[in-house]
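Asker: Have a look at the structure that comes next, please.
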Amino acid sequence: MAPYASDDSTTAGEVDEQRSGRRKAARYVVPVTVMGVAAATIGLVPALADSGDPDLPKITAQQLIEKIAKSDVQQLSGTVKISTDLGLPDLGGLESSLMSGAASPDGGGSSADPTAKLTELASGTHTLRVAADGPDKQKLSLLENAAEYSIVHNGKDVWAYDSKSNEVHHGTASESGKASESGKGQQPPATPKDFAEEALKAADDTTSVTVDGTAQVAGRDAYKLLIEPKQSGSTVGAITVAVDAKTGTPLKFTLTPASGGSAVVDAGFTQVSFAKPAASTFDFTPPKGAKVTEEKESGKVSEKGFGKGFDKGEARRNAPKSLPKSEKELGKGLDGMKTIGEGWNSIATFDTGGEGVPSGETGGDLGGFVNSLGDKVTGKFGSGTVFSTRLVNALITDDGKVYVGLVTKDALVKAADAGK
């Protein structure tokens with residue numbers, strides 16, 4: 001057993017009962033385009049090598065969770081490495097074109113719009129520079145080959161700049177959907193703290209939480225918090241959070257799948273400082289000649305805005321008839337969404353109002369292509385198609401019902417059978 005391993009299995013419900021209403025919602029993402037949104041909301045990083053196991057005072061899981069909750073780091077700067085290995089099928093670049101279409105000229109958007117740009121964190125390996133000085137000053141930069149994409153929040157202003165296209169996206173904190181002191185609104189998680197908070201929200205009585213030794217991350221001594229589903233049937237194997245022993249700040253987040261192999265998510269600091277960043281870090285002036293798009297002009301990628309942009313694209317015009325006949329009809333299906341099961345085996349289900357996934361015969365080339373990405377399954381419910389990643393699985397029945405969760409294919413089929 002690892003040093004400091006604790007048999008005091010602790011649940012997040014015992015730590016903060018007020019979060020109970022949000023647990024199931026945080027456990028998975030229920031998308032309209034299931035695979036695309038699931039990918040867009042999960043960012044990852046290649047594993048960072050630990051450089052030794054420091055000798056730290058013993059701590060219980062309860063105490064470590066409380067240490068994270070009480071952490072009040074307002075100032076930091078550093079470099080974060082993120083890598084994603086969802087095991088998504090190769091779409092030949094189609095997924096990128098669909099996501100970037102939201103910010104295309106036809107859609108009235110900007111390549112600097114964070115909603116579209118940060119979906120790139122859903123796959124591959126990325127390096128981020130982050131800085132914060134209280135709730136009103138943050139900066140996140142995505143470093144690319146010979147280019148850089150940055151989001152700067154300074155007071156009421158939120159600027160996003162894409163050096164590759166020389167485009168700027170500007171809004172205010174309220175317009176950008178600022179939902180918390182992080183000021184990131186609806187952007188996907190990007191730091192170990194973001195991931196750790198979501199994992200702890202998802203934990204409940206079906207979760208084991210223990211202390212699994214120590215580590216050193218970015219030159220800092222840390223405790224390792226181990227989060228594991230108690231139930232079988234989940235695609236989640238384990239989540240490890242390296243927590244800074246001094247400040248309580250999560251320094252590294254690793255999610256491994258139940259199927260084994262490399263981590264699905266591995267995000268961690270390679271360098272971090274808790275000193276106050278220079279004030280100039282958060283200064284931004286649009287470069288000369290840059291195209292500036294104001295958020296009110298950009299047709300934000302909301303359900304309504306995305307629908308309008310999608311309407312103008314080839315994908316919408318060529319969509320098979322089996323898709324929901326209107327956004328209103330689809331909305332009704334989502335309004336009827338319900339959750340079955342409990343804990344990590346929870347499954348979200350709703351009726352699209354459509355006719356399921358088109359076959360090659362009825363959906364043409366597009367129908368055949370979509371079917372090639374999934375596996376046909378049958379059961380008491382009839383037949384359908386399962387679309388899989390290493391973490392999220394989704395079953396779409398031939399009569400248009402959707403079952404999705406962090407569970408195995410067999411669990412989805414059993415849920416569909418039970419619904420009959």
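In the structure tokens, chains take the letters A, B, ... in the order shown, each chain's residues start at 1, and ligands count up from 1 in the order shown.
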What's the 10 Å shell around Pro229 in chain A, counting only C-alpha atoms, without same-chain residues fewer than 5 positions away, as JSON, numbers by chain?
Answerer: {"A": [203, 204, 205, 206, 207, 208, 209, 234, 235, 236, 237, 238, 239, 258, 343, 344, 345]}
Asker: Using only C-alpha atoms, which protein or nucleic acid residues come within 10 Å of Ile340 in chain A? Drop anything in the same chain fewer than 4 positions from it, and give the result as a count of residues only.
Answerer: 8
Asker: Have a look at CA of Thr191 in chain A and CA of His170 in chain A and let me know their distance in Å, one decimal.
Answerer: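 One can read the CA of Thr191 in chain A to CA of His170 in chain A distance as 22.9 Å.
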Asker: Could you tell me how far CA of Thr210 in chain A sits from CA of Thr247 in chain A, in Å to one decimal place?
Answerer: 19.2 Å
Asker: Have a look at A:Thr285, A:Phe195, A:Pro277, A:Leu86 and name the one nearest to Thr240 in chain A; count only C-alpha atoms.
Answerer: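 Once distances to Thr240 in chain A are computed over only C-alpha atoms, the minimum belongs to A:Phe195.
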Asker: Quick check, in Å to one decimal: how far apart do CA of Pro135 in chain A and CA of Ala112 in chain A lie?
Answerer: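 Between these atoms lies a distance of 22.6 Å.
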Asker: Pick out the residues sitting within 10 Å of range 146-151 of chain A, and hand them over as a ChimeraX atom specification; count only C-alpha atoms, and ignore anything fewer than 2 positions along from it in its own chain.
Answerer: /A:112-114,117-118,128-130,138-144,153-154,158-170,184,282,284
Asker: Could the residues in this selection be saved with C-alpha atoms as a PDB file, in the first residue's frame?
Answerer:
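Result went into result.pdb, see below:
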ATOM      1  CA  ALA A 112     -10.526  34.651 -31.972  1.00  0.00           C
ATOM      2  CA  ASP A 113     -13.855  33.738 -30.345  1.00  0.00           C
ATOM      3  CA  PRO A 114     -12.949  31.640 -27.256  1.00  0.00           C
ATOM      4  CA  LYS A 117     -10.905  28.377 -30.371  1.00  0.00           C
ATOM      5  CA  LEU A 118     -10.588  26.577 -27.065  1.00  0.00           C
ATOM      6  CA  LEU A 128      -0.690  26.912 -21.845  1.00  0.00           C
ATOM      7  CA  ARG A 129       0.634  29.881 -19.946  1.00  0.00           C
ATOM      8  CA  VAL A 130      -1.643  31.047 -17.163  1.00  0.00           C
ATOM      9  CA  GLN A 138      -6.575  36.540 -15.541  1.00  0.00           C
ATOM     10  CA  LYS A 139      -4.666  35.598 -18.656  1.00  0.00           C
ATOM     11  CA  LEU A 140      -4.526  32.318 -20.549  1.00  0.00           C
ATOM     12  CA  SER A 141      -2.301  31.827 -23.597  1.00  0.00           C
ATOM     13  CA  LEU A 142      -2.365  28.805 -25.893  1.00  0.00           C
ATOM     14  CA  LEU A 143       1.075  28.437 -27.454  1.00  0.00           C
ATOM     15  CA  GLU A 144       1.154  27.156 -31.021  1.00  0.00           C
ATOM     16  CA  HIS A 153      -9.572  39.414 -18.551  1.00  0.00           C
ATOM     17  CA  ASN A 154      -8.843  42.791 -16.967  1.00  0.00           C
ATOM     18  CA  VAL A 158     -12.343  40.401 -21.905  1.00  0.00           C
ATOM     19  CA  TRP A 159     -10.003  40.317 -24.912  1.00  0.00           C
ATOM     20  CA  ALA A 160      -9.133  37.314 -27.064  1.00  0.00           C
ATOM     21  CA  TYR A 161      -6.399  37.548 -29.701  1.00  0.00           C
ATOM     22  CA  ASP A 162      -5.412  35.079 -32.413  1.00  0.00           C
ATOM     23  CA  SER A 163      -1.989  36.062 -33.748  1.00  0.00           C
ATOM     24  CA  LYS A 164      -2.264  33.624 -36.673  1.00  0.00           C
ATOM     25  CA  SER A 165      -5.261  35.414 -38.196  1.00  0.00           C
ATOM     26  CA  ASN A 166      -4.563  38.781 -36.512  1.00  0.00           C
ATOM     27  CA  GLU A 167      -8.135  38.843 -35.209  1.00  0.00           C
ATOM     28  CA  VAL A 168      -9.398  40.179 -31.888  1.00  0.00           C
ATOM     29  CA  HIS A 169     -12.606  39.277 -30.059  1.00  0.00           C
ATOM     30  CA  HIS A 170     -13.773  41.784 -27.421  1.00  0.00           C
ATOM     31  CA  LYS A 184     -13.814  31.911 -17.851  1.00  0.00           C
ATOM     32  CA  PHE A 282      -2.979  41.866 -18.097  1.00  0.00           C
ATOM     33  CA  PHE A 284      -3.938  44.471 -23.954  1.00  0.00           C
TER      34      PHE A 284
END
Asker: Give the answer as one residue: which of A:Val265, A:Val377, A:Ala222, A:Val73 has the shortest atom-to-atom distance to Arg390 in chain A, using only C-alpha atoms?
Answerer: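 Closest to Arg390 in chain A, using only C-alpha atoms: A:Val265.
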Asker: Quick one: residues within 7 Å of Thr397 in chain A, only C-alpha atoms, excluding same-chain residues fewer than 4 positions away - as a list in words?
Answerer: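 Skipping anything fewer than 4 positions along the chain leaves Gly356, Ser383, Gly384, Thr385, Lys401 and Val402 of chain A.
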